[in-house]
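Trainee: Sending over upload05.txt (compact mmCIF, C-alpha atoms).
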```
# COMPACT_ATOMS: atom_id res chain seq x y z
CA MET A 1 48.80 33.94 -92.19
CA CYS A 2 45.73 35.79 -90.97
CA GLY A 3 42.67 33.82 -91.88
CA LYS A 4 39.47 34.66 -93.69
CA GLU A 5 37.57 34.59 -90.39
CA SER A 6 39.75 37.39 -88.99
CA ILE A 7 39.11 39.60 -92.02
CA VAL A 8 35.36 38.94 -91.87
CA GLU A 9 35.36 39.82 -88.16
CA ALA A 10 37.26 43.06 -88.84
CA LEU A 11 34.86 44.00 -91.65
CA ASN A 12 31.89 43.33 -89.39
CA SER A 13 33.37 45.21 -86.42
CA TYR A 14 34.72 48.31 -88.14
CA TYR A 15 33.33 48.63 -91.65
CA GLY A 16 29.60 48.06 -91.53
CA SER A 17 29.60 44.37 -92.47
CA PRO A 18 30.29 44.62 -96.23
CA SER A 19 29.92 41.36 -98.12
CA LEU A 20 33.23 39.59 -98.70
CA LEU A 21 33.08 38.70 -102.39
CA GLU A 22 36.47 37.03 -102.78
CA TYR A 23 39.34 36.09 -100.48
CA SER A 24 42.76 34.54 -101.09
CA GLU A 25 45.89 34.21 -99.01
CA SER A 26 49.53 33.26 -99.60
CA ASP A 27 52.62 33.22 -97.40
CA ASP A 28 53.20 36.94 -97.80
CA GLU A 29 49.93 38.48 -98.98
CA ILE A 30 46.18 38.57 -98.48
CA ARG A 31 43.71 39.69 -101.13
CA PHE A 32 39.99 40.30 -100.90
CA GLN A 33 37.13 42.11 -102.58
CA VAL A 34 34.09 43.92 -101.22
CA PRO A 35 31.38 45.69 -103.26
CA THR A 36 32.30 49.30 -102.39
CA PRO A 37 35.13 51.17 -100.63
CA ILE A 38 35.29 50.58 -96.90
CA ARG A 39 35.27 53.57 -94.56
CA ASP A 40 37.18 53.47 -91.32
CA ARG A 41 35.25 54.88 -88.38
CA GLN A 42 38.28 56.99 -87.39
CA THR A 43 37.61 59.28 -90.36
CA ALA A 44 34.64 60.85 -88.59
CA ALA A 45 37.03 62.62 -86.21
CA PHE A 46 39.45 63.94 -88.84
CA ARG A 47 39.09 67.68 -89.41
CA SER A 48 40.83 67.92 -92.80
CA ARG A 49 38.41 65.45 -94.46
CA ALA A 50 41.27 64.37 -96.72
CA THR A 51 40.56 61.14 -98.59
CA VAL A 52 44.07 59.85 -97.99
CA LEU A 53 43.36 59.58 -94.25
CA ASN A 54 40.83 56.81 -94.80
CA GLU A 55 43.43 54.72 -96.61
CA LEU A 56 45.92 55.39 -93.81
CA ALA A 57 43.38 54.33 -91.20
CA VAL A 58 42.44 51.17 -93.11
CA SER A 59 46.12 50.35 -93.62
CA HIS A 60 46.88 50.86 -89.93
CA ARG A 61 44.02 48.68 -88.73
CA LEU A 62 44.56 45.81 -91.18
CA SER A 63 48.36 45.93 -90.80
CA LEU A 64 48.09 45.39 -87.05
CA LEU A 65 45.63 42.55 -87.56
CA VAL A 66 47.74 40.77 -90.19
CA GLY A 67 51.06 41.55 -88.49
CA ARG A 68 49.93 39.97 -85.24
CA GLY A 69 48.30 37.04 -87.02
CA LYS A 70 51.18 36.25 -89.35
CA TYR A 71 54.08 36.75 -86.96
CA GLY A 72 52.44 36.03 -83.63
CA VAL A 73 53.16 39.48 -82.17
CA PRO A 74 51.54 39.46 -78.71
CA GLU A 75 48.73 41.89 -77.94
CA GLU A 76 50.78 43.55 -75.21
CA PHE A 77 53.42 44.61 -77.77
CA ALA A 78 52.76 48.08 -79.18
CA PHE A 79 52.96 49.11 -82.84
CA ALA A 80 54.28 52.65 -83.40
CA ILE A 81 54.23 54.17 -86.88
CA LYS A 82 57.75 55.18 -87.89
CA ALA A 83 57.09 56.30 -91.47
CA VAL A 84 54.29 56.29 -94.02
CA GLU A 85 53.95 57.00 -97.72
CA ALA A 86 50.65 57.22 -99.61
CA VAL A 87 50.43 57.52 -103.40
CA VAL A 88 47.44 57.63 -105.79
CA ARG A 89 47.76 56.51 -109.39
CA SER A 90 45.31 56.00 -112.22
CA SER A 91 44.35 52.43 -113.10
CA ASP A 92 42.04 50.44 -115.31
CA ALA A 93 38.40 50.69 -114.28
CA VAL A 94 37.45 48.42 -111.37
CA ASP A 95 33.85 48.09 -110.18
CA ARG A 96 34.68 46.38 -106.89
CA TYR A 97 36.90 47.47 -104.01
CA ASN A 98 40.04 45.34 -104.35
CA VAL A 99 42.41 45.06 -101.38
CA SER A 100 45.93 43.61 -101.31
CA LEU A 101 48.07 43.66 -98.16
CA ARG A 102 51.63 42.44 -97.57
CA VAL A 103 53.37 42.58 -94.19
CA GLU A 104 57.09 41.82 -93.80
CA VAL A 105 59.69 41.87 -91.04
CA ILE A 106 62.25 44.68 -91.31
CA THR A 107 64.38 43.99 -88.23
CA LYS A 108 64.70 41.52 -85.40
CA ARG A 109 66.71 41.48 -82.19
CA HIS A 110 67.38 38.24 -80.35
CA ASP A 111 64.65 36.54 -82.44
CA THR A 112 62.14 39.23 -81.40
CA ILE A 113 60.55 41.35 -84.12
CA THR A 114 61.40 45.03 -83.66
CA ALA A 115 60.06 46.51 -86.92
CA LEU A 116 57.54 45.61 -89.63
CA ARG A 117 56.58 47.12 -92.96
CA SER A 118 53.17 46.81 -94.62
CA THR A 119 52.12 47.57 -98.19
CA LEU A 120 48.42 48.13 -98.79
CA VAL A 121 47.10 48.49 -102.35
CA THR A 122 43.44 49.33 -102.91
CA LYS A 123 41.75 49.70 -106.28
CA TYR A 124 38.34 51.10 -107.09
CA GLY A 125 36.96 53.01 -110.05
CA LEU A 126 39.90 54.51 -111.94
CA GLU A 127 42.24 54.85 -108.96
CA ALA A 128 44.84 52.66 -107.30
CA ARG A 129 46.10 53.75 -103.89
CA THR A 130 49.30 52.42 -102.35
CA THR A 131 50.10 52.94 -98.67
CA ILE A 132 53.47 51.81 -97.29
CA THR A 133 53.83 51.96 -93.51
CA SER A 134 56.81 51.12 -91.31
CA PHE A 135 56.16 50.19 -87.69
CA ASN A 136 58.40 49.91 -84.67
CA VAL A 137 57.28 47.01 -82.50
CA LEU A 138 57.74 47.81 -78.81
CA PRO A 139 57.75 45.21 -76.03
CA PRO A 140 55.94 46.21 -72.82
CA SER A 141 59.23 46.78 -70.98
CA LEU A 142 60.38 49.39 -73.51
CA ALA A 143 57.00 51.13 -73.67
CA ASN A 144 56.87 51.29 -69.88
CA PHE A 145 60.43 52.66 -69.75
CA VAL A 146 59.48 55.52 -72.08
CA ARG A 147 56.43 56.31 -69.97
CA ARG A 148 58.48 56.33 -66.76
CA THR A 149 61.08 58.69 -68.21
CA ARG A 150 58.27 61.07 -69.17
CA GLN A 151 56.42 60.60 -65.87
CA PHE A 152 53.34 59.35 -67.69
CA THR A 153 52.86 55.80 -66.43
CA ASP A 154 49.32 56.69 -65.36
CA PHE A 155 48.33 57.83 -68.87
CA ALA A 156 45.34 55.47 -69.08
CA ASP A 157 43.80 56.90 -65.90
CA VAL A 158 44.50 60.59 -66.42
CA LYS A 159 42.09 62.68 -68.47
CA MET A 160 43.54 65.81 -69.99
CA SER A 161 42.07 69.04 -68.70
CA ARG A 162 41.68 70.53 -72.17
CA GLU A 163 38.36 69.44 -73.68
CA LYS A 164 38.92 71.16 -77.03
CA SER A 165 42.13 71.57 -79.00
CA CYS A 166 43.39 75.04 -79.86
CA LEU A 167 45.33 76.14 -82.93
CA SER A 168 46.88 79.60 -82.89
CA THR A 169 49.11 81.56 -85.27
CA VAL A 170 52.50 82.57 -83.87
CA ALA A 171 53.95 84.10 -87.04
CA ALA A 172 53.84 83.55 -90.79
CA ASP A 173 53.80 79.76 -91.36
CA HIS A 174 54.37 79.17 -87.64
CA PHE A 175 51.48 77.76 -85.64
CA ARG A 176 51.05 76.43 -82.12
CA TYR A 177 48.72 73.54 -81.35
CA TYR A 178 47.41 72.61 -77.91
CA PRO A 179 46.12 69.01 -77.97
CA SER A 180 42.89 67.95 -76.33
CA GLU A 181 41.72 64.68 -74.82
CA ASP A 182 40.41 63.60 -78.24
CA ASP A 183 43.88 63.97 -79.75
CA ARG A 184 45.24 61.08 -77.68
CA LEU A 185 42.35 58.65 -78.18
CA SER A 186 42.73 55.54 -80.34
CA ASP A 187 39.44 53.68 -80.91
CA GLY A 188 38.16 55.40 -77.79
CA ARG A 189 41.08 54.31 -75.60
CA ARG A 190 43.63 56.69 -74.13
CA VAL A 191 47.19 56.35 -75.39
CA ASP A 192 50.35 58.01 -74.13
CA HIS A 193 51.05 60.03 -77.29
CA VAL A 194 49.42 61.92 -80.14
CA PRO A 195 48.92 59.23 -82.82
CA ALA A 196 50.57 59.56 -86.21
CA LEU A 197 47.30 59.86 -88.12
CA ILE A 198 46.19 62.75 -85.89
CA LEU A 199 49.42 64.62 -86.68
CA ILE A 200 48.97 64.01 -90.42
CA ASP A 201 45.38 65.25 -90.16
CA ILE A 202 46.55 68.44 -88.44
CA ALA A 203 49.17 69.01 -91.15
CA LEU A 204 46.64 68.54 -93.95
CA PHE A 205 44.14 70.79 -92.17
CA ILE A 206 46.70 73.59 -91.92
CA ASN A 207 47.67 73.20 -95.56
CA ARG A 208 44.02 73.50 -96.64
CA MET A 209 43.54 76.74 -94.73
CA ASP A 210 45.58 78.79 -97.21
CA PRO A 211 44.63 78.38 -99.96
CA PRO A 212 41.40 76.72 -98.81
CA GLU A 213 41.12 74.62 -101.98
CA ALA A 214 44.54 72.98 -101.50
CA PHE A 215 44.29 69.21 -101.57
CA TYR A 216 47.14 66.73 -101.63
CA PRO A 217 46.36 63.03 -102.15
CA ASN A 218 50.02 61.97 -102.14
CA ILE A 219 51.88 62.40 -98.89
CA SER A 220 54.70 60.93 -96.85
CA ALA A 221 55.60 61.38 -93.21
CA LYS A 222 58.27 60.49 -90.67
CA PHE A 223 57.82 60.19 -86.93
CA VAL A 224 61.12 60.64 -85.16
CA ASN A 225 60.08 61.05 -81.54
CA TYR A 226 57.26 60.64 -79.05
CA THR A 227 54.66 63.44 -79.26
CA ASP A 228 53.42 64.25 -75.76
CA PRO A 229 49.69 65.16 -75.68
CA ARG A 230 50.23 67.20 -72.50
CA LEU A 231 52.49 69.73 -74.22
CA ALA A 232 51.96 72.38 -76.88
CA ILE A 233 53.21 71.54 -80.37
CA ASP A 234 54.93 74.12 -82.57
CA ILE A 235 54.09 73.59 -86.24
CA LEU A 236 56.37 75.06 -88.90
CA ARG A 237 55.31 75.14 -92.55
CA LYS A 238 57.37 75.89 -95.63
CA LYS A 239 55.80 78.67 -97.69
CA ASP A 240 54.94 76.33 -100.56
CA GLY A 241 53.29 73.90 -98.14
CA SER A 242 55.61 71.06 -99.18
CA VAL A 243 56.90 70.34 -95.66
CA ILE A 244 55.31 70.69 -92.24
CA GLU A 245 57.39 70.06 -89.11
CA PHE A 246 56.12 69.33 -85.62
CA VAL A 247 58.34 70.43 -82.72
CA GLN A 248 58.05 69.97 -78.96
CA LYS A 249 60.48 71.52 -76.48
CA ASP A 250 62.79 72.46 -79.40
CA GLN A 251 62.91 68.83 -80.52
CA LEU A 252 61.65 67.65 -83.91
CA VAL A 253 59.00 64.96 -83.42
CA ALA A 254 57.40 64.54 -86.87
CA ILE A 255 57.56 65.72 -90.50
CA VAL A 256 54.76 65.57 -93.06
CA TYR A 257 55.60 66.03 -96.75
CA ASN A 258 53.24 67.10 -99.51
CA ARG A 259 54.72 65.08 -102.36
CA GLU A 260 53.23 67.34 -105.07
CA GLY A 261 54.88 70.47 -103.74
CA PRO A 262 58.25 71.81 -104.99
CA GLY A 263 61.09 70.54 -102.85
CA SER A 264 59.03 67.70 -101.34
CA MET A 265 60.19 64.14 -101.04
```
Represent the structure of the file as structure tokens.
Mentor:
Amino acid sequence: MCGKESIVEALNSYYGSPSLLEYSESDDEIRFQVPTPIRDRQTAAFRSRATVLNELAVSHRLSLLVGRGKYGVPEEFAFAIKAVEAVVRSSDAVDRYNVSLRVEVITKRHDTITALRSTLVTKYGLEARTTITSFNVLPPSLANFVRRTRQFTDFADVKMSREKSCLSTVAADHFRYYPSEDDRLSDGRRVDHVPALILIDIALFINRMDPPEAFYPNISAKFVNYTDPRLAIDILRKKDGSVIEFVQKDQLVAIVYNREGPGSM
């Protein structure tokens, strides 16, 4: 499906070369163990410092690797996160970092995969974390069409003028965010949108501002439209912090739910 060599290469490239203690693979799942939790290098840029973001980053990276390996999705096809849910539960004590990942096809069109879903389960200490992510799989023709309609075909060559992002308060529980160049980087490469994990990070950062001790390990999110890094983003928060909406040009682009809050998903 993926291959032990691919996992070892990913561990060496992104996670500081932890020793692979065990590895097994079936038709629909890979499992492996490493001595301690792996840390994705993306976490260094996240401002909220929320633990859940590391699991999301690990899930994203491994899901792309396994999804391409198992189903032969070409490198030129893009993966866009459509929805994500992350849940933490207590478990029996585990002294190694245990990883289980399943990737399955959700939809196809004319024998071409158009959507995948991955389920990552990690266990360490007394916690088990489950991350379920749905991806749209976009062929180059569709991705290029979207860029043309938004006059952004030169996204890879154009650096944004704003070096630092800016978050301002418009009214009570209404914020406005101006993205920077860093907000559209993925592993150091420019992309044509603000990535899903960046939006989740912004939502968690805002929720931890008031009260500052607020911390939500269980979240879910939906991404309903392209988030343009060139435009300001209006961010609307429910008073209990259970829902945060991202809006551009009066159009809803993403929703992040705090699953512990009243009225959340």
Trainee: Name the residues in contact with A:Asn207 at a cut-off of 12 Å, using only C-alpha atoms, excluding same-chain residues fewer than 6 positions from it; report them as a VMD selection string.
Mentor: chain A and resid 47 to 48 50 173 to 175 200 to 201 213 to 216 235 to 244 256 to 258 261
Trainee: Using C-alpha atoms, can you write the selected residues to a file as a compact mmCIF listing (two decimals), in the coordinates of the input?
Mentor:
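again_22.txt, freshly written:
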```txt
# COMPACT_ATOMS: atom_id res chain seq x y z
CA ARG A 47 39.09 67.68 -89.41
CA SER A 48 40.83 67.92 -92.80
CA ALA A 50 41.27 64.37 -96.72
CA ASP A 173 53.80 79.76 -91.36
CA HIS A 174 54.37 79.17 -87.64
CA PHE A 175 51.48 77.76 -85.64
CA ILE A 200 48.97 64.01 -90.42
CA ASP A 201 45.38 65.25 -90.16
CA GLU A 213 41.12 74.62 -101.98
CA ALA A 214 44.54 72.98 -101.50
CA PHE A 215 44.29 69.21 -101.57
CA TYR A 216 47.14 66.73 -101.63
CA ILE A 235 54.09 73.59 -86.24
CA LEU A 236 56.37 75.06 -88.90
CA ARG A 237 55.31 75.14 -92.55
CA LYS A 238 57.37 75.89 -95.63
CA LYS A 239 55.80 78.67 -97.69
CA ASP A 240 54.94 76.33 -100.56
CA GLY A 241 53.29 73.90 -98.14
CA SER A 242 55.61 71.06 -99.18
CA VAL A 243 56.90 70.34 -95.66
CA ILE A 244 55.31 70.69 -92.24
CA VAL A 256 54.76 65.57 -93.06
CA TYR A 257 55.60 66.03 -96.75
CA ASN A 258 53.24 67.10 -99.51
CA GLY A 261 54.88 70.47 -103.74
```
Trainee: Quick one: pull the distance between atom CA of A:Lys82 and atom CA of A:Thr133, Å, one decimal.
Mentor: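 Taking atom CA of A:Lys82 as the start and atom CA of A:Thr133 as the end point, the length is 7.6 Å.
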Trainee: Closest to A:Thr122 among A:Leu56, A:Val8, A:Leu21, A:Cys166, using only C-alpha atoms?
Mentor: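 For A:Thr122, the nearest of the candidates is A:Leu56.
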Trainee: Can you work out which one of A:Lys70, A:Lys108, A:Arg150, A:Lys4 has the shortest atom-to-atom distance to A:Leu138, counting all atoms listed in the file?
Mentor: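 The answer is A:Lys108, which sits nearest to A:Leu138.
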Trainee: I'd like the contact shell of stretch 96-103 of chain A - 8 Å cut-off, all atoms listed in the file, skipping same-chain residues fewer than 2 positions apart - returned as a list in words.
Mentor: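 The filter keeps Asp28, Glu29, Ile30, Arg31, Phe32, Gln33, Val34, Pro35, Thr36, Pro37, Ile38, Ser63, Val66, Gly67, Val94, Val105, Leu116, Arg117, Ser118, Thr119, Leu120, Val121, Thr122, Lys123, Tyr124 and Gly125 of chain A.
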Trainee: Give the answer as one residue: which of A:Gln151, A:Gln42, A:Thr131, A:Thr112 has the shortest atom-to-atom distance to A:Pro217, using all atoms listed in the file?
Mentor: A:Thr131
Trainee: Distance cut-off 10 Å, centre (34.3, 69.9, -74.9) in file coordinates, counting only C-alpha atoms: which residues qualify? Return them as a list in words.
Mentor: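 Those residues lying close to the given coordinates are Ser161, Arg162, Glu163, Lys164, Ser165, Ser180, Glu181 and Asp182 of chain A.
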Trainee: I need every residue sitting at most 9 Å from the point (58.2, 69.4, -84.6) (coordinates as in the file, only C-alpha atoms considered), written as number ranges by chain.
Mentor: A: 227, 233-236, 244-255
Trainee: Between atom CA of A:Pro139 and atom CA of A:Ala196, what is the distance in Å, rounded to a tenth?
Mentor: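 We find that atom CA of A:Pro139 and atom CA of A:Ala196 lie 19.0 Å from each other.
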Trainee: So how many Å separate atom CA of A:Ala156 and atom CA of A:Arg190, to one decimal?
Mentor: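 Taking atom CA of A:Ala156 and atom CA of A:Arg190, their separation equals 5.5 Å.
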Trainee: Using all atoms listed in the file, which of the listed residues (A:Ala128, A:Val170, A:Val137, A:Leu53) sits closest to A:Ala203?
Mentor: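 Smallest distance to A:Ala203 is found for A:Leu53.
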Trainee: Show me, as number ranges by chain, the residues that have an atom within 10 Å of A:Gly16 when counting all atoms listed in the file, minus same-chain residues fewer than 2 positions from it.
Mentor: A: 10-14, 18-19, 38-41
Trainee: Which is closest to A:Val52 among A:Thr130, A:Ser90, A:Asn136, A:Asn144, if we use all atoms listed in the file?
Mentor: A:Thr130
Trainee: Measuring atom to atom with all atoms listed in the file, identify which of A:Ser6, A:Ile219, A:Glu76, A:Val58 is nearest to A:Leu142.
Mentor: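 Of all the options, A:Glu76 lies closest to A:Leu142.
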